[in-house]
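The next block holds one structure in the form of structure tokens; read it before the comments.
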Amino acid sequence: MTADTPLEELSFTVSGRIALPCTEVYEAVADPEQLSKYFTTGGARGRLEPGGDVTWDFHDFPGAFPVTVVEAHPPRRIVVRWDGNSTSSPDGTTTTTFEFEPIDDDTRTLVTITESAWTATREGAKSAFGNCEGWTGMLIAMKAWLEHGINLREGLYK
């Protein structure tokens with residue numbers, strides 16, 4: 001793609017490092033009980049594995065969001081699809097990919113989250129920026145929870 005090629009779809013990638021082995025960090029995302037402790041302020045239901053019945057609920061966006069697990073390759077990768085606003089996909093969803101890379105002899109994990117499928121419009125950009133903020137917050141909250149036992153989102157939205 002060149003500098004003058006028009007955008008057809010918006011996406012973003014955020015990443016952070018967690019001071020735990022890859023398997024433990026993967027489980028903190030895949031396991032609904034753990035995910036509910038630092039991210040889904042209204043709770044998560046269902047393990048992130050293909051074919052599961054998964055929902056995420058947030059106090060700042062009430063109502064359970066259905067999540068479809070497309071791929072799960074423990075302890076390295078999870079791909080989900082869920083509803084979004086102003087998406088470019090025919091079914092109105094975005095695709096979120098979680099990648100877990102062991103670093104420093106697997107004493108730390110690089111977590112990379114990529115989400116895509118918004119229209120290259122003002123509304124699509126607003127939705128993409130909002131989700132980018134959400135995934136950045138998730139990484140920060142996960143780090144605080146896993147490394148220090150602190151729930152940064154407790155009381156933040158309710």
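By convention in this document, the chains of the structure tokens carry letters A, B, ... by their order, each chain's residues are numbered from 1, and ligands are numbered from 1 in the order they are shown.
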Near range 55-58 of chain A, within 9 Å and counting only C-alpha atoms, which residues show up once chain neighbours fewer than 3 positions away are dropped, as a compact mmCIF listing (two decimals) with N, CA, C and O atoms, in the first residue's frame?
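Result saved to part-v9.txt:
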```txt
# COMPACT_ATOMS: atom_id res chain seq x y z
N PRO A 32 -12.97 -17.67 31.87
CA PRO A 32 -13.91 -16.59 32.19
C PRO A 32 -13.83 -16.13 33.64
O PRO A 32 -14.05 -14.94 33.92
N SER A 36 -13.02 -12.20 34.38
CA SER A 36 -13.99 -11.41 35.14
C SER A 36 -13.35 -10.65 36.30
O SER A 36 -13.92 -9.69 36.81
N PHE A 39 -11.20 -7.59 33.81
CA PHE A 39 -11.60 -6.97 32.54
C PHE A 39 -13.11 -6.80 32.39
O PHE A 39 -13.59 -5.67 32.28
N THR A 40 -13.85 -7.87 32.37
CA THR A 40 -15.29 -7.78 32.12
C THR A 40 -15.99 -7.42 33.41
O THR A 40 -16.36 -8.29 34.19
N THR A 41 -16.17 -6.14 33.65
CA THR A 41 -16.68 -5.62 34.92
C THR A 41 -18.07 -6.17 35.26
O THR A 41 -18.45 -6.17 36.42
N GLY A 42 -18.80 -6.65 34.27
CA GLY A 42 -20.10 -7.28 34.52
C GLY A 42 -20.02 -8.79 34.46
O GLY A 42 -21.02 -9.48 34.61
N GLY A 43 -18.84 -9.32 34.20
CA GLY A 43 -18.63 -10.77 34.19
C GLY A 43 -18.46 -11.36 32.80
O GLY A 43 -18.92 -10.79 31.81
N ALA A 44 -17.77 -12.48 32.76
CA ALA A 44 -17.59 -13.25 31.53
C ALA A 44 -18.18 -14.63 31.75
O ALA A 44 -18.14 -15.17 32.86
N ARG A 45 -18.71 -15.20 30.68
CA ARG A 45 -19.26 -16.55 30.76
C ARG A 45 -18.74 -17.34 29.57
O ARG A 45 -18.75 -16.86 28.44
N GLY A 46 -18.26 -18.54 29.83
CA GLY A 46 -17.79 -19.43 28.78
C GLY A 46 -16.30 -19.28 28.50
O GLY A 46 -15.80 -18.16 28.38
N PHE A 61 -20.85 -0.55 29.39
CA PHE A 61 -21.68 -0.86 28.22
C PHE A 61 -22.58 -2.02 28.60
O PHE A 61 -22.33 -3.15 28.20
N PRO A 62 -23.63 -1.77 29.40
CA PRO A 62 -24.45 -2.86 29.94
C PRO A 62 -25.07 -3.74 28.86
O PRO A 62 -25.38 -3.29 27.77
N GLY A 63 -25.22 -4.99 29.22
CA GLY A 63 -25.78 -6.00 28.33
C GLY A 63 -24.69 -6.97 27.92
O GLY A 63 -23.56 -6.57 27.67
N ALA A 64 -25.01 -8.23 27.91
CA ALA A 64 -24.02 -9.25 27.58
C ALA A 64 -23.74 -9.26 26.08
O ALA A 64 -24.65 -9.31 25.27
N PHE A 65 -22.46 -9.17 25.73
CA PHE A 65 -22.03 -9.24 24.33
C PHE A 65 -21.70 -10.68 23.97
O PHE A 65 -20.85 -11.29 24.62
N PRO A 66 -22.34 -11.25 22.94
CA PRO A 66 -21.96 -12.59 22.51
C PRO A 66 -20.59 -12.54 21.82
O PRO A 66 -20.30 -11.61 21.05
N VAL A 67 -19.76 -13.52 22.12
CA VAL A 67 -18.41 -13.61 21.55
C VAL A 67 -18.29 -14.97 20.87
O VAL A 67 -18.55 -16.00 21.50
N THR A 68 -17.89 -14.97 19.61
CA THR A 68 -17.67 -16.21 18.87
C THR A 68 -16.18 -16.48 18.80
O THR A 68 -15.41 -15.65 18.32
N TYR A 157 -16.45 1.97 36.64
CA TYR A 157 -17.59 2.21 35.75
C TYR A 157 -18.94 2.12 36.45
O TYR A 157 -19.96 2.26 35.82
```
Closest-contact table, range 63-83 of chain A side, partner range 104-115 of chain A, 10 Å, counting only C-alpha atoms, as JSON lines:
```
{"residue": "A:Arg76", "atom": "CA", "partner": "A:Val111", "partner_atom": "CA", "distance": 9.3}
{"residue": "A:Arg77", "atom": "CA", "partner": "A:Thr112", "partner_atom": "CA", "distance": 9.6}
{"residue": "A:Ile78", "atom": "CA", "partner": "A:Ile113", "partner_atom": "CA", "distance": 9.6}
{"residue": "A:Val79", "atom": "CA", "partner": "A:Thr114", "partner_atom": "CA", "distance": 9.5}
{"residue": "A:Val80", "atom": "CA", "partner": "A:Glu115", "partner_atom": "CA", "distance": 9.4}
{"residue": "A:Arg81", "atom": "CA", "partner": "A:Glu115", "partner_atom": "CA", "distance": 9.3}
```
Restricting it to N, CA, C and O atoms, dump the selection as a compact mmCIF listing (two decimals), in the first residue's frame.
```
# COMPACT_ATOMS: atom_id res chain seq x y z
N ARG A 76 -0.72 -19.85 22.73
CA ARG A 76 -0.16 -18.81 21.87
C ARG A 76 -1.15 -17.89 21.17
O ARG A 76 -0.80 -16.77 20.82
N ARG A 77 -2.41 -18.31 20.93
CA ARG A 77 -3.27 -17.49 20.07
C ARG A 77 -4.75 -17.78 20.33
O ARG A 77 -5.14 -18.94 20.46
N ILE A 78 -5.54 -16.70 20.36
CA ILE A 78 -7.00 -16.78 20.42
C ILE A 78 -7.55 -15.77 19.42
O ILE A 78 -7.08 -14.63 19.38
N VAL A 79 -8.53 -16.17 18.62
CA VAL A 79 -9.18 -15.26 17.68
C VAL A 79 -10.68 -15.30 17.96
O VAL A 79 -11.28 -16.38 18.01
N VAL A 80 -11.28 -14.12 18.17
CA VAL A 80 -12.72 -14.02 18.43
C VAL A 80 -13.35 -13.02 17.47
O VAL A 80 -12.67 -12.16 16.91
N ARG A 81 -14.65 -13.16 17.31
CA ARG A 81 -15.45 -12.18 16.57
C ARG A 81 -16.58 -11.75 17.49
O ARG A 81 -17.14 -12.57 18.20
```
In chain A, DSSP helix (DSSP H, G or I) residues written as a ChimeraX atom specification: /A:22-30,32-38,122-148
Can you tell me which residues surround Ile18 in chain A at a distance of at most 10 Å, considering only C-alpha atoms, apart from same-chain residues fewer than 5 positions away, and format the answer as a tab-separated table (two decimals) with C-alpha atoms, in the first residue's frame?
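Contents of part-v1.tsv, as written:
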```tsv
chain	number	residue	atom	x	y	z
A	24	GLU	CA	-0.48	-18.38	32.72
A	25	VAL	CA	-1.17	-15.23	30.70
A	100	PHE	CA	0.98	-14.57	23.43
A	102	PRO	CA	7.09	-16.03	25.42
A	103	ILE	CA	10.05	-13.72	26.07
A	107	THR	CA	9.51	-15.65	32.36
A	108	ARG	CA	7.52	-12.88	30.62
A	109	THR	CA	4.91	-12.77	27.88
A	110	LEU	CA	4.40	-10.25	25.11
A	111	VAL	CA	0.64	-9.91	24.63
A	139	LEU	CA	-3.75	-4.91	29.02
A	140	ILE	CA	-3.01	-2.46	31.82
A	142	MET	CA	-4.40	-7.53	33.30
A	143	LYS	CA	-0.83	-6.57	34.19
A	144	ALA	CA	-1.90	-5.00	37.50
A	146	LEU	CA	-1.66	-10.77	37.40
A	147	GLU	CA	1.51	-9.17	38.75
```
Given only C-alpha atoms as the counted atoms, nearest of A:Thr13, A:Asn151, A:Ser88, A:Gln34 to Leu48 in chain A: A:Gln34
A:Cys22, A:Trp82, A:Leu10, A:Asp60 ranked by distance to Glu123 in chain A, top pick (using only C-alpha atoms): A:Leu10
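Between CA of Ser127 in chain A and CA of Ser11 in chain A the separation is 10.4 Å.
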DSSP strand (DSSP E or B) selection over range 2-158 of chain A, as JSON, numbers by chain: {"A": [9, 10, 11, 12, 13, 14, 15, 16, 17, 18, 43, 44, 45, 54, 55, 56, 57, 58, 61, 62, 63, 64, 65, 66, 67, 68, 69, 70, 71, 72, 73, 77, 78, 79, 80, 81, 82, 83, 87, 93, 94, 95, 96, 97, 98, 99, 100, 101, 102, 103, 108, 109, 110, 111, 112, 113, 114, 115, 116, 117, 118, 119]}
So that each row is one residue of range 25-142 of chain A with an atom at most 9 Å from range 3-8 of chain A, can you give its shortest atom pair and the distance in Å to one decimal, using only C-alpha atoms, rows by chain and rising number, as JSON lines?
```
{"residue": "A:Ser88", "atom": "CA", "partner": "A:Glu8", "partner_atom": "CA", "distance": 8.5}
{"residue": "A:Trp118", "atom": "CA", "partner": "A:Glu8", "partner_atom": "CA", "distance": 8.7}
{"residue": "A:Thr119", "atom": "CA", "partner": "A:Glu8", "partner_atom": "CA", "distance": 6.8}
{"residue": "A:Ala120", "atom": "CA", "partner": "A:Glu8", "partner_atom": "CA", "distance": 5.6}
```
Dump all heavy atoms for the selected residues as a JSON list (two decimals), in the first residue's frame?
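That gives us again-v8.json:
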```json
[["chain", "number", "residue", "atom", "x", "y", "z"],
["A", 88, "SER", "N", -16.90, -3.16, 8.63],
["A", 88, "SER", "CA", -16.85, -3.44, 7.19],
["A", 88, "SER", "C", -17.22, -4.89, 6.89],
["A", 88, "SER", "O", -17.34, -5.26, 5.74],
["A", 88, "SER", "CB", -15.46, -3.12, 6.65],
["A", 88, "SER", "OG", -14.49, -3.89, 7.33],
["A", 118, "TRP", "N", -13.41, -2.23, 10.71],
["A", 118, "TRP", "CA", -14.25, -1.04, 10.74],
["A", 118, "TRP", "C", -14.18, -0.32, 9.40],
["A", 118, "TRP", "O", -13.15, -0.34, 8.73],
["A", 118, "TRP", "CB", -13.80, -0.05, 11.83],
["A", 118, "TRP", "CG", -14.11, -0.52, 13.20],
["A", 118, "TRP", "CD1", -15.30, -0.44, 13.86],
["A", 118, "TRP", "CD2", -13.21, -1.16, 14.09],
["A", 118, "TRP", "NE1", -15.18, -0.99, 15.10],
["A", 118, "TRP", "CE2", -13.91, -1.44, 15.26],
["A", 118, "TRP", "CE3", -11.87, -1.53, 13.99],
["A", 118, "TRP", "CZ2", -13.32, -2.06, 16.35],
["A", 118, "TRP", "CZ3", -11.28, -2.15, 15.08],
["A", 118, "TRP", "CH2", -12.01, -2.42, 16.23],
["A", 119, "THR", "N", -15.27, 0.34, 9.08],
["A", 119, "THR", "CA", -15.30, 1.14, 7.86],
["A", 119, "THR", "C", -14.34, 2.31, 8.00],
["A", 119, "THR", "O", -14.13, 2.83, 9.10],
["A", 119, "THR", "CB", -16.71, 1.67, 7.57],
["A", 119, "THR", "OG1", -17.15, 2.44, 8.69],
["A", 119, "THR", "CG2", -17.69, 0.53, 7.31],
["A", 120, "ALA", "N", -13.77, 2.73, 6.90],
["A", 120, "ALA", "CA", -12.85, 3.89, 6.89],
["A", 120, "ALA", "C", -13.69, 5.17, 6.80],
["A", 120, "ALA", "O", -13.63, 5.91, 5.82],
["A", 120, "ALA", "CB", -11.87, 3.77, 5.75]]
```
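Note that CA of Gly124 in chain A and CA of Ser86 in chain A are 4.8 Å apart.
CA of Asn131 in chain A is found 19.1 Å from CA of Val70 in chain A.
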Polymer residues at most 6 Å from Glu49 in chain A, only C-alpha atoms, same-chain spacing of 3 or more positions, as number ranges by chain: A: 52, 69, 72
Take the residues that were just selected and, keeping C-alpha atoms, output them as a PDB file, in the first residue's frame.
```pdb
ATOM      1  CA  GLY A  52     -18.304 -22.460  23.405  1.00  0.00           C
ATOM      2  CA  VAL A  69     -14.369 -18.023  19.257  1.00  0.00           C
ATOM      3  CA  ALA A  72      -7.852 -21.127  20.137  1.00  0.00           C
TER       4      ALA A  72
END
```
